[in-house]
>>> print(open('final.cif').read())   # mmCIF, C-alpha atoms (C1' of nucleotides); chains and numbers go by the auth columns
data_entry
loop_
_atom_site.group_PDB
_atom_site.id
_atom_site.type_symbol
_atom_site.label_atom_id
_atom_site.label_comp_id
_atom_site.label_asym_id
_atom_site.label_seq_id
_atom_site.Cartn_x
_atom_site.Cartn_y
_atom_site.Cartn_z
_atom_site.B_iso_or_equiv
_atom_site.auth_seq_id
_atom_site.auth_asym_id
ATOM 1 C CA MET A 1 7.924 -17.800 23.422 0.00 1 A
ATOM 2 C CA ASN A 2 10.070 -14.750 22.825 0.00 2 A
ATOM 3 C CA ASN A 3 8.589 -11.356 22.039 0.00 3 A
ATOM 4 C CA SER A 4 10.909 -10.766 19.122 0.00 4 A
ATOM 5 C CA THR A 5 9.244 -13.531 17.145 0.00 5 A
ATOM 6 C CA TYR A 6 5.860 -11.933 17.744 0.00 6 A
ATOM 7 C CA HIS A 7 7.216 -8.576 16.706 0.00 7 A
ATOM 8 C CA ILE A 8 8.741 -9.842 13.471 0.00 8 A
ATOM 9 C CA PHE A 9 5.667 -11.838 12.620 0.00 9 A
ATOM 10 C CA PHE A 10 3.196 -9.017 13.224 0.00 10 A
ATOM 11 C CA THR A 11 5.398 -6.474 11.477 0.00 11 A
ATOM 12 C CA ASN A 12 5.372 -8.676 8.428 0.00 12 A
ATOM 13 C CA LEU A 13 1.584 -8.563 8.333 0.00 13 A
ATOM 14 C CA SER A 14 1.315 -4.893 9.239 0.00 14 A
ATOM 15 C CA ASN A 15 1.469 -3.695 5.671 0.00 15 A
ATOM 16 C CA PRO A 16 -1.457 -3.047 3.345 0.00 16 A
ATOM 17 C CA LEU A 17 0.121 -4.591 0.270 0.00 17 A
ATOM 18 C CA ARG A 18 1.275 -7.717 2.049 0.00 18 A
ATOM 19 C CA ILE A 19 -2.212 -8.172 3.509 0.00 19 A
ATOM 20 C CA LYS A 20 -3.717 -7.777 0.047 0.00 20 A
ATOM 21 C CA ILE A 21 -1.380 -10.448 -1.252 0.00 21 A
ATOM 22 C CA VAL A 22 -2.253 -12.741 1.630 0.00 22 A
ATOM 23 C CA THR A 23 -5.989 -12.408 1.108 0.00 23 A
ATOM 24 C CA SER A 24 -5.569 -12.848 -2.618 0.00 24 A
ATOM 25 C CA LEU A 25 -3.531 -16.028 -2.171 0.00 25 A
ATOM 26 C CA LYS A 26 -6.206 -17.320 0.172 0.00 26 A
ATOM 27 C CA GLN A 27 -8.305 -18.022 -2.918 0.00 27 A
ATOM 28 C CA LYS A 28 -5.605 -19.674 -4.970 0.00 28 A
ATOM 29 C CA GLU A 29 -1.883 -19.712 -5.627 0.00 29 A
ATOM 30 C CA LYS A 30 -0.527 -17.185 -8.122 0.00 30 A
ATOM 31 C CA ASN A 31 2.686 -16.091 -9.791 0.00 31 A
ATOM 32 C CA VAL A 32 4.212 -12.639 -9.474 0.00 32 A
ATOM 33 C CA THR A 33 2.828 -11.296 -12.729 0.00 33 A
ATOM 34 C CA GLU A 34 -0.681 -12.436 -11.888 0.00 34 A
ATOM 35 C CA LEU A 35 -0.519 -10.738 -8.496 0.00 35 A
ATOM 36 C CA SER A 36 0.925 -7.623 -10.074 0.00 36 A
ATOM 37 C CA LYS A 37 -1.913 -7.402 -12.589 0.00 37 A
ATOM 38 C CA GLU A 38 -4.668 -8.325 -10.179 0.00 38 A
ATOM 39 C CA LEU A 39 -3.601 -5.826 -7.543 0.00 39 A
ATOM 40 C CA LYS A 40 -2.476 -3.208 -10.086 0.00 40 A
ATOM 41 C CA VAL A 41 0.852 -2.925 -8.340 0.00 41 A
ATOM 42 C CA GLU A 42 4.287 -2.678 -9.905 0.00 42 A
ATOM 43 C CA GLN A 43 6.218 -5.943 -10.158 0.00 43 A
ATOM 44 C CA SER A 44 9.154 -5.054 -7.925 0.00 44 A
ATOM 45 C CA LYS A 45 6.816 -4.002 -5.153 0.00 45 A
ATOM 46 C CA ILE A 46 5.153 -7.388 -5.309 0.00 46 A
ATOM 47 C CA SER A 47 8.508 -9.136 -5.292 0.00 47 A
ATOM 48 C CA HIS A 48 9.716 -7.192 -2.272 0.00 48 A
ATOM 49 C CA ALA A 49 6.480 -7.907 -0.442 0.00 49 A
ATOM 50 C CA LEU A 50 6.694 -11.603 -1.251 0.00 50 A
ATOM 51 C CA ALA A 51 10.296 -11.716 -0.086 0.00 51 A
ATOM 52 C CA SER A 52 9.190 -10.466 3.328 0.00 52 A
ATOM 53 C CA LEU A 53 6.338 -12.922 3.536 0.00 53 A
ATOM 54 C CA ARG A 54 8.632 -15.768 2.600 0.00 54 A
ATOM 55 C CA CYS A 55 10.992 -14.933 5.458 0.00 55 A
ATOM 56 C CA CYS A 56 8.362 -15.826 8.025 0.00 56 A
ATOM 57 C CA ASN A 57 7.101 -18.728 5.926 0.00 57 A
ATOM 58 C CA ILE A 58 3.774 -17.047 5.511 0.00 58 A
ATOM 59 C CA VAL A 59 3.976 -17.955 1.835 0.00 59 A
ATOM 60 C CA ASP A 60 5.681 -20.773 -0.055 0.00 60 A
ATOM 61 C CA VAL A 61 7.188 -20.667 -3.550 0.00 61 A
ATOM 62 C CA LYS A 62 7.600 -23.195 -6.254 0.00 62 A
ATOM 63 C CA GLN A 63 9.246 -22.744 -9.622 0.00 63 A
ATOM 64 C CA GLU A 64 7.272 -23.660 -12.739 0.00 64 A
ATOM 65 C CA GLY A 65 9.168 -22.913 -15.914 0.00 65 A
ATOM 66 C CA LYS A 66 10.162 -19.303 -15.659 0.00 66 A
ATOM 67 C CA GLN A 67 7.328 -18.481 -13.298 0.00 67 A
ATOM 68 C CA ARG A 68 7.362 -18.614 -9.549 0.00 68 A
ATOM 69 C CA ILE A 69 4.123 -19.692 -8.011 0.00 69 A
ATOM 70 C CA TYR A 70 3.386 -18.340 -4.572 0.00 70 A
ATOM 71 C CA SER A 71 0.948 -20.007 -2.227 0.00 71 A
ATOM 72 C CA LEU A 72 -0.338 -19.123 1.215 0.00 72 A
ATOM 73 C CA ASN A 73 0.645 -21.137 4.246 0.00 73 A
ATOM 74 C CA LYS A 74 -2.928 -21.515 5.358 0.00 74 A
ATOM 75 C CA LYS A 75 -2.208 -23.409 8.554 0.00 75 A
ATOM 76 C CA THR A 76 -1.424 -20.232 10.472 0.00 76 A
ATOM 77 C CA ILE A 77 -2.913 -17.379 8.491 0.00 77 A
ATOM 78 C CA VAL A 78 -6.446 -18.575 7.925 0.00 78 A
ATOM 79 C CA PRO A 79 -7.233 -19.133 11.626 0.00 79 A
ATOM 80 C CA MET A 80 -5.420 -15.916 12.461 0.00 80 A
ATOM 81 C CA LEU A 81 -7.558 -13.833 10.120 0.00 81 A
ATOM 82 C CA LYS A 82 -10.618 -15.572 11.539 0.00 82 A
ATOM 83 C CA LEU A 83 -9.594 -14.475 15.026 0.00 83 A
ATOM 84 C CA ILE A 84 -9.409 -10.883 13.842 0.00 84 A
ATOM 85 C CA ASP A 85 -12.763 -11.121 12.070 0.00 85 A
ATOM 86 C CA LYS A 86 -14.333 -12.346 15.257 0.00 86 A
ATOM 87 C CA HIS A 87 -12.518 -9.756 17.348 0.00 87 A
ATOM 88 C CA ALA A 88 -13.653 -6.904 15.114 0.00 88 A
ATOM 89 C CA LYS A 89 -17.214 -8.167 15.155 0.00 89 A
ATOM 90 C CA THR A 90 -17.289 -8.655 18.913 0.00 90 A
ATOM 91 C CA PHE A 91 -15.249 -5.728 20.190 0.00 91 A
ATOM 92 C CA CYS A 92 -15.017 -3.144 17.424 0.00 92 A
ATOM 93 C CA ALA A 93 -18.551 -2.999 16.025 0.00 93 A
ATOM 94 C CA GLY A 94 -17.599 -4.734 12.800 0.00 94 A
ATOM 95 C CA ASP A 95 -14.292 -3.281 11.822 0.00 95 A
ATOM 96 C CA CYS A 96 -11.318 -1.724 13.505 0.00 96 A
ATOM 97 C CA LYS A 97 -10.832 1.955 12.684 0.00 97 A
ATOM 98 C CA GLY A 98 -7.625 2.622 14.572 0.00 98 A
ATOM 99 C CA CYS A 99 -7.314 5.814 16.529 0.00 99 A
ATOM 100 C CA GLY A 100 -5.399 8.182 14.312 0.00 100 A
ATOM 101 C CA ARG A 101 -2.100 8.136 16.061 0.00 101 A
ATOM 102 C CA MET B 1 -13.659 -8.980 6.177 0.00 1 B
ATOM 103 C CA ASN B 2 -11.896 -5.871 4.952 0.00 2 B
ATOM 104 C CA ASN B 3 -8.114 -5.701 4.682 0.00 3 B
ATOM 105 C CA SER B 4 -7.913 -2.383 6.458 0.00 4 B
ATOM 106 C CA THR B 5 -9.047 -3.956 9.716 0.00 5 B
ATOM 107 C CA TYR B 6 -6.297 -6.567 9.395 0.00 6 B
ATOM 108 C CA HIS B 7 -3.771 -3.863 8.659 0.00 7 B
ATOM 109 C CA ILE B 8 -4.736 -1.721 11.639 0.00 8 B
ATOM 110 C CA PHE B 9 -4.836 -4.700 13.959 0.00 9 B
ATOM 111 C CA PHE B 10 -1.471 -6.117 12.921 0.00 10 B
ATOM 112 C CA THR B 11 0.160 -2.690 12.915 0.00 11 B
ATOM 113 C CA ASN B 12 -0.942 -2.260 16.481 0.00 12 B
ATOM 114 C CA LEU B 13 0.874 -5.426 17.481 0.00 13 B
ATOM 115 C CA SER B 14 3.919 -4.787 15.304 0.00 14 B
ATOM 116 C CA ASN B 15 5.770 -2.863 17.963 0.00 15 B
ATOM 117 C CA PRO B 16 8.221 -4.234 20.525 0.00 16 B
ATOM 118 C CA LEU B 17 6.941 -2.197 23.443 0.00 17 B
ATOM 119 C CA ARG B 18 3.298 -2.943 22.786 0.00 18 B
ATOM 120 C CA ILE B 19 4.116 -6.644 22.555 0.00 19 B
ATOM 121 C CA LYS B 20 5.989 -6.450 25.853 0.00 20 B
ATOM 122 C CA ILE B 21 2.969 -4.831 27.457 0.00 21 B
ATOM 123 C CA VAL B 22 0.681 -7.477 26.028 0.00 22 B
ATOM 124 C CA THR B 23 2.781 -10.357 27.303 0.00 23 B
ATOM 125 C CA SER B 24 3.131 -8.673 30.675 0.00 24 B
ATOM 126 C CA LEU B 25 -0.620 -8.180 31.002 0.00 25 B
ATOM 127 C CA LYS B 26 -1.123 -11.826 30.096 0.00 26 B
ATOM 128 C CA GLN B 27 -0.002 -12.641 33.658 0.00 27 B
ATOM 129 C CA LYS B 28 -2.139 -10.074 35.429 0.00 28 B
ATOM 130 C CA GLU B 29 -3.687 -6.639 35.076 0.00 29 B
ATOM 131 C CA LYS B 30 -1.494 -3.647 35.960 0.00 30 B
ATOM 132 C CA ASN B 31 -1.582 0.102 36.188 0.00 31 B
ATOM 133 C CA VAL B 32 0.611 2.456 34.164 0.00 32 B
ATOM 134 C CA THR B 33 3.201 2.993 36.888 0.00 33 B
ATOM 135 C CA GLU B 34 3.588 -0.728 37.470 0.00 34 B
ATOM 136 C CA LEU B 35 4.124 -1.343 33.762 0.00 35 B
ATOM 137 C CA SER B 36 6.538 1.554 33.575 0.00 36 B
ATOM 138 C CA LYS B 37 8.631 0.175 36.448 0.00 37 B
ATOM 139 C CA GLU B 38 8.479 -3.427 35.375 0.00 38 B
ATOM 140 C CA LEU B 39 9.487 -2.709 31.797 0.00 39 B
ATOM 141 C CA LYS B 40 11.842 0.114 32.739 0.00 40 B
ATOM 142 C CA VAL B 41 10.184 2.381 30.243 0.00 41 B
ATOM 143 C CA GLU B 42 9.239 6.008 30.663 0.00 42 B
ATOM 144 C CA GLN B 43 5.636 6.670 31.672 0.00 43 B
ATOM 145 C CA SER B 44 4.510 8.617 28.602 0.00 44 B
ATOM 146 C CA LYS B 45 5.787 5.894 26.314 0.00 45 B
ATOM 147 C CA ILE B 46 3.670 3.385 28.195 0.00 46 B
ATOM 148 C CA SER B 47 0.654 5.673 28.019 0.00 47 B
ATOM 149 C CA HIS B 48 1.043 6.165 24.287 0.00 48 B
ATOM 150 C CA ALA B 49 1.428 2.445 23.756 0.00 49 B
ATOM 151 C CA LEU B 50 -1.644 1.700 25.861 0.00 50 B
ATOM 152 C CA ALA B 51 -3.654 4.289 23.958 0.00 51 B
ATOM 153 C CA SER B 52 -2.931 2.419 20.729 0.00 52 B
ATOM 154 C CA LEU B 53 -3.808 -0.930 22.236 0.00 53 B
ATOM 155 C CA ARG B 54 -7.051 0.460 23.594 0.00 54 B
ATOM 156 C CA CYS B 55 -8.102 1.644 20.126 0.00 55 B
ATOM 157 C CA CYS B 56 -8.328 -1.922 18.884 0.00 56 B
ATOM 158 C CA ASN B 57 -9.734 -3.153 22.180 0.00 57 B
ATOM 159 C CA ILE B 58 -6.691 -5.284 22.741 0.00 58 B
ATOM 160 C CA VAL B 59 -6.648 -3.970 26.296 0.00 59 B
ATOM 161 C CA ASP B 60 -9.350 -2.703 28.625 0.00 60 B
ATOM 162 C CA VAL B 61 -9.083 -0.023 31.301 0.00 61 B
ATOM 163 C CA LYS B 62 -10.770 0.578 34.567 0.00 62 B
ATOM 164 C CA GLN B 63 -10.286 3.441 36.968 0.00 63 B
ATOM 165 C CA GLU B 64 -9.409 2.672 40.570 0.00 64 B
ATOM 166 C CA GLY B 65 -8.831 5.787 42.606 0.00 65 B
ATOM 167 C CA LYS B 66 -6.241 7.744 40.719 0.00 66 B
ATOM 168 C CA GLN B 67 -4.855 4.673 39.037 0.00 67 B
ATOM 169 C CA ARG B 68 -5.917 3.194 35.764 0.00 68 B
ATOM 170 C CA ILE B 69 -5.758 -0.548 35.654 0.00 69 B
ATOM 171 C CA TYR B 70 -5.122 -2.088 32.267 0.00 70 B
ATOM 172 C CA SER B 71 -6.031 -5.663 31.466 0.00 71 B
ATOM 173 C CA LEU B 72 -5.551 -7.801 28.401 0.00 72 B
ATOM 174 C CA ASN B 73 -8.482 -8.821 26.260 0.00 73 B
ATOM 175 C CA LYS B 74 -7.475 -12.453 26.322 0.00 74 B
ATOM 176 C CA LYS B 75 -10.219 -13.727 24.049 0.00 75 B
ATOM 177 C CA THR B 76 -8.334 -12.733 20.925 0.00 76 B
ATOM 178 C CA ILE B 77 -4.733 -12.286 21.933 0.00 77 B
ATOM 179 C CA VAL B 78 -4.025 -15.488 23.792 0.00 78 B
ATOM 180 C CA PRO B 79 -5.062 -17.790 20.942 0.00 79 B
ATOM 181 C CA MET B 80 -3.341 -15.491 18.479 0.00 80 B
ATOM 182 C CA LEU B 81 -0.008 -15.714 20.275 0.00 81 B
ATOM 183 C CA LYS B 82 -0.457 -19.471 20.467 0.00 82 B
ATOM 184 C CA LEU B 83 -0.872 -19.589 16.708 0.00 83 B
ATOM 185 C CA ILE B 84 2.428 -17.785 16.285 0.00 84 B
ATOM 186 C CA ASP B 85 4.166 -20.043 18.794 0.00 85 B
ATOM 187 C CA LYS B 86 3.028 -23.042 16.839 0.00 86 B
ATOM 188 C CA HIS B 87 3.913 -21.427 13.526 0.00 87 B
ATOM 189 C CA ALA B 88 7.423 -20.575 14.673 0.00 88 B
ATOM 190 C CA LYS B 89 7.926 -24.065 16.026 0.00 89 B
ATOM 191 C CA THR B 90 6.593 -25.766 12.915 0.00 90 B
ATOM 192 C CA PHE B 91 7.863 -23.544 10.115 0.00 91 B
ATOM 193 C CA CYS B 92 10.684 -21.400 11.488 0.00 92 B
ATOM 194 C CA ALA B 93 12.733 -23.817 13.559 0.00 93 B
ATOM 195 C CA GLY B 94 11.621 -22.344 16.865 0.00 94 B
ATOM 196 C CA ASP B 95 11.648 -18.626 16.339 0.00 95 B
ATOM 197 C CA CYS B 96 11.220 -16.231 13.475 0.00 96 B
ATOM 198 C CA LYS B 97 14.349 -14.249 12.630 0.00 97 B
ATOM 199 C CA GLY B 98 13.009 -12.019 9.865 0.00 98 B
ATOM 200 C CA CYS B 99 15.120 -11.452 6.821 0.00 99 B
ATOM 201 C CA GLY B 100 16.878 -8.150 7.394 0.00 100 B
ATOM 202 C CA ARG B 101 14.919 -5.994 5.053 0.00 101 B
ATOM 203 C "C1'" DT C 1 24.716 -18.103 -27.315 0.00 1 C
ATOM 204 C "C1'" DG C 2 21.828 -14.237 -27.705 0.00 2 C
ATOM 205 C "C1'" DT C 3 17.205 -12.723 -26.900 0.00 3 C
ATOM 206 C "C1'" DT C 4 12.968 -12.545 -24.320 0.00 4 C
ATOM 207 C "C1'" DC C 5 10.025 -13.104 -20.525 0.00 5 C
ATOM 208 C "C1'" DA C 6 9.657 -13.526 -15.390 0.00 6 C
ATOM 209 C "C1'" DT C 7 11.338 -12.311 -11.231 0.00 7 C
ATOM 210 C "C1'" DA C 8 14.694 -10.543 -7.757 0.00 8 C
ATOM 211 C "C1'" DT C 9 17.724 -7.203 -5.691 0.00 9 C
ATOM 212 C "C1'" DG C 10 20.172 -2.794 -4.006 0.00 10 C
ATOM 213 C "C1'" DA C 11 20.230 1.710 -2.863 0.00 11 C
ATOM 214 C "C1'" DA C 12 18.509 6.280 -2.760 0.00 12 C
ATOM 215 C "C1'" DT C 13 14.372 8.613 -1.748 0.00 13 C
ATOM 216 C "C1'" DT C 14 10.062 9.177 0.569 0.00 14 C
ATOM 217 C "C1'" DA C 15 6.523 7.982 3.806 0.00 15 C
ATOM 218 C "C1'" DT C 16 5.105 6.204 8.247 0.00 16 C
ATOM 219 C "C1'" DA C 17 5.525 5.247 12.863 0.00 17 C
ATOM 220 C "C1'" DG C 18 7.943 5.870 17.483 0.00 18 C
ATOM 221 C "C1'" DT C 19 10.246 8.746 20.972 0.00 19 C
ATOM 222 C "C1'" DT C 20 10.824 12.564 23.701 0.00 20 C
ATOM 223 C "C1'" DC C 21 9.724 16.203 26.599 0.00 21 C
ATOM 224 C "C1'" DA C 22 7.022 19.769 28.179 0.00 22 C
ATOM 225 C "C1'" DT C 23 2.607 20.329 29.716 0.00 23 C
ATOM 226 C "C1'" DA C 24 -2.404 19.268 30.557 0.00 24 C
ATOM 227 C "C1'" DT C 25 -5.974 16.730 32.987 0.00 25 C
ATOM 228 C "C1'" DG C 26 -8.004 14.676 36.713 0.00 26 C
ATOM 229 C "C1'" DA C 27 -8.617 12.061 41.097 0.00 27 C
ATOM 230 C "C1'" DG C 28 -7.564 12.219 45.911 0.00 28 C
ATOM 231 C "C1'" DT C 29 -6.232 14.671 50.056 0.00 29 C
ATOM 232 C "C1'" DA C 30 -4.361 18.209 53.376 0.00 30 C
ATOM 233 C "C1'" DT D 1 -8.715 25.315 46.983 0.00 1 D
ATOM 234 C "C1'" DA D 2 -4.005 24.300 46.651 0.00 2 D
ATOM 235 C "C1'" DC D 3 -1.045 20.433 46.294 0.00 3 D
ATOM 236 C "C1'" DT D 4 0.422 15.834 44.908 0.00 4 D
ATOM 237 C "C1'" DC D 5 0.332 11.644 42.564 0.00 5 D
ATOM 238 C "C1'" DA D 6 -1.118 9.128 38.332 0.00 6 D
ATOM 239 C "C1'" DT D 7 -1.873 9.339 33.754 0.00 7 D
ATOM 240 C "C1'" DA D 8 -2.710 11.458 29.140 0.00 8 D
ATOM 241 C "C1'" DT D 9 -1.695 14.357 25.275 0.00 9 D
ATOM 242 C "C1'" DG D 10 0.547 17.272 21.491 0.00 10 D
ATOM 243 C "C1'" DA D 11 4.095 18.365 18.702 0.00 11 D
ATOM 244 C "C1'" DA D 12 8.814 18.415 17.256 0.00 12 D
ATOM 245 C "C1'" DC D 13 12.214 15.268 16.381 0.00 13 D
ATOM 246 C "C1'" DT D 14 14.151 10.729 15.195 0.00 14 D
ATOM 247 C "C1'" DA D 15 14.003 6.086 13.611 0.00 15 D
ATOM 248 C "C1'" DT D 16 12.090 2.534 10.745 0.00 16 D
ATOM 249 C "C1'" DA D 17 9.919 0.761 6.914 0.00 17 D
ATOM 250 C "C1'" DA D 18 8.075 1.257 2.000 0.00 18 D
ATOM 251 C "C1'" DT D 19 8.575 2.895 -2.723 0.00 19 D
ATOM 252 C "C1'" DT D 20 10.975 3.635 -6.712 0.00 20 D
ATOM 253 C "C1'" DC D 21 13.865 2.737 -10.413 0.00 21 D
ATOM 254 C "C1'" DA D 22 17.748 0.998 -12.487 0.00 22 D
ATOM 255 C "C1'" DT D 23 19.810 -3.217 -13.021 0.00 23 D
ATOM 256 C "C1'" DA D 24 20.894 -8.188 -12.111 0.00 24 D
ATOM 257 C "C1'" DT D 25 19.663 -13.042 -12.413 0.00 25 D
ATOM 258 C "C1'" DG D 26 17.848 -16.876 -14.451 0.00 26 D
ATOM 259 C "C1'" DA D 27 14.856 -19.999 -17.168 0.00 27 D
ATOM 260 C "C1'" DA D 28 13.284 -21.082 -21.822 0.00 28 D
ATOM 261 C "C1'" DC D 29 13.825 -21.143 -26.543 0.00 29 D
ATOM 262 C "C1'" DA D 30 15.121 -19.707 -31.289 0.00 30 D
#
>>> encode(input="final.cif", output="structure tokens")
Amino acid sequence: MNNSTYHIFFTNLSNPLRIKIVTSLKQKEKNVTELSKELKVEQSKISHALASLRCCNIVDVKQEGKQRIYSLNKKTIVPMLKLIDKHAKTFCAGDCKGCGR
Amino acid sequence: MNNSTYHIFFTNLSNPLRIKIVTSLKQKEKNVTELSKELKVEQSKISHALASLRCCNIVDVKQEGKQRIYSLNKKTIVPMLKLIDKHAKTFCAGDCKGCGR
DNA sequence: TGTTCATATGAATTATAGTTCATATGAGTA
DNA sequence: TACTCATATGAACTATAATTCATATGAACA
């Protein structure tokens, strides 16, 4: 597999807001306004974040009336987050702190 | 698990050089000079990249004489890259192109 | 068809992360 | 202990990505 795909994919998930959206959608699908209210984040920020996530098919959309319902593509993301959980537990004493650079 | 760990972990892998190093170390462990020559990248760039990867325990180091041998922590990374391979194949027609934003 | 609610988009600004280069550290060896 | 090879580090600079805000689109409905 080519490195560029990895780079694009990881970059997409390397953002606090997008991660928040992902973990929120893990529970259940939501529309933009719901996400905006739940996360206390301005609507256009949510929309931009969702646009990125859609690019890599990390989330799916469906239209329902004037709402757009976003759902998580769990096939990839759920096992991936599990890998990180396990990694952090095993190698980073619970959670990864980064190294300030 | 807390979102900050996900963020730090993904950010670490969201960089072309660090990904190159990771995929190179998947084959076999290498020292800094070897990586620098193989990837045709200046030594300090490699060192900085390795420092980041070490923070999240994505790579390990051992000293051997004056060299430092870096190896990949395969437990997490190998299955993670496989997940992306499969994702790209299944959902992105082979490889993820991003969306130019 | 004009108004409202829901969401998306573009572009300028701002924040974050990466590169570069000069230099420091540190192991081995003459 | 002075020198060399291997690697690390800090800080200024540069590049990349995120935020903001004004505005566009588009569905529903009066």
>>> residues_around(input="final.cif", residues="stretch 40-57 of chain A", least_positions_apart="2", cutoff="6 Å", atoms="all atoms listed in the file", output="number ranges by chain")
A: 18, 36-38, 59; B: 98-99
>>> residues_around(input="final.cif", residues="stretch 15-23 of chain C", least_positions_apart="4", cutoff="8 Å", atoms="only C-alpha atoms (C1' of nucleotides)", output="ChimeraX atom specification")
/B:45 /D:13-18
>>> write_last_selection(input="final.cif", atoms="C-alpha atoms (C1' of nucleotides)", output="JSON list (two decimals), keeping the file's coordinate frame")
[["chain", "number", "residue", "atom", "x", "y", "z"],
["B", 45, "LYS", "CA", 5.79, 5.89, 26.31],
["D", 13, "DC", "C1'", 12.21, 15.27, 16.38],
["D", 14, "DT", "C1'", 14.15, 10.73, 15.20],
["D", 15, "DA", "C1'", 14.00, 6.09, 13.61],
["D", 16, "DT", "C1'", 12.09, 2.53, 10.74],
["D", 17, "DA", "C1'", 9.92, 0.76, 6.91],
["D", 18, "DA", "C1'", 8.07, 1.26, 2.00]]
>>> interface_residues(input="final.cif", of="chain D", to="chain A", cutoff="12 Å", atoms="all atoms listed in the file", output="ChimeraX atom specification")
/D:9-10,16-23,25-29
>>> resolve_selection(input="final.cif", expression="the PyMOL selection byres ((chain D and resi 4) around 12)", output="number ranges by chain")
B: 66; C: 26-30; D: 2-3, 5-6
>>> interface_residues(input="final.cif", of="chain A", to="chain B", cutoff="7 Å", atoms="all atoms listed in the file", output="number ranges by chain")
A: 1, 3, 5-8, 10-11, 13-16, 19-20, 52, 55-57, 76, 80, 83-85, 87, 91-92, 95-99
>>> resolve_selection(input="final.cif", expression="the PyMOL selection byres ((chain A and resi 30) around 6)", output="list in words")
Glu29, Asn31, Ile69 and Tyr70 of chain A
>>> atom_distance(input="final.cif", atom1="atom CA of B:Leu39", atom2="atom CA of B:Lys62")
20.7 Å
>>> atom_distance(input="final.cif", atom1="atom C1' of C:DT7", atom2="atom CA of A:Leu35")
12.3 Å
>>> atom_distance(input="final.cif", atom1="atom CA of B:Val32", atom2="atom CA of B:Ser71")
10.8 Å
>>> axis_aligned_box(input="final.cif", around="stretch 72-79 of chain A", padding_each_side="8 Å", output="AutoDock Vina command-line options")
--center_x -3.3 --center_y -20.4 --center_z 6.4 --size_x 23.9 --size_y 22.0 --size_z 26.4
>>> resolve_selection(input="final.cif", expression="the PyMOL selection byres ((chain C) within 8 of (chain A))", output="list of chain:residue names")
C:DC5, C:DA6, C:DT7, C:DA8
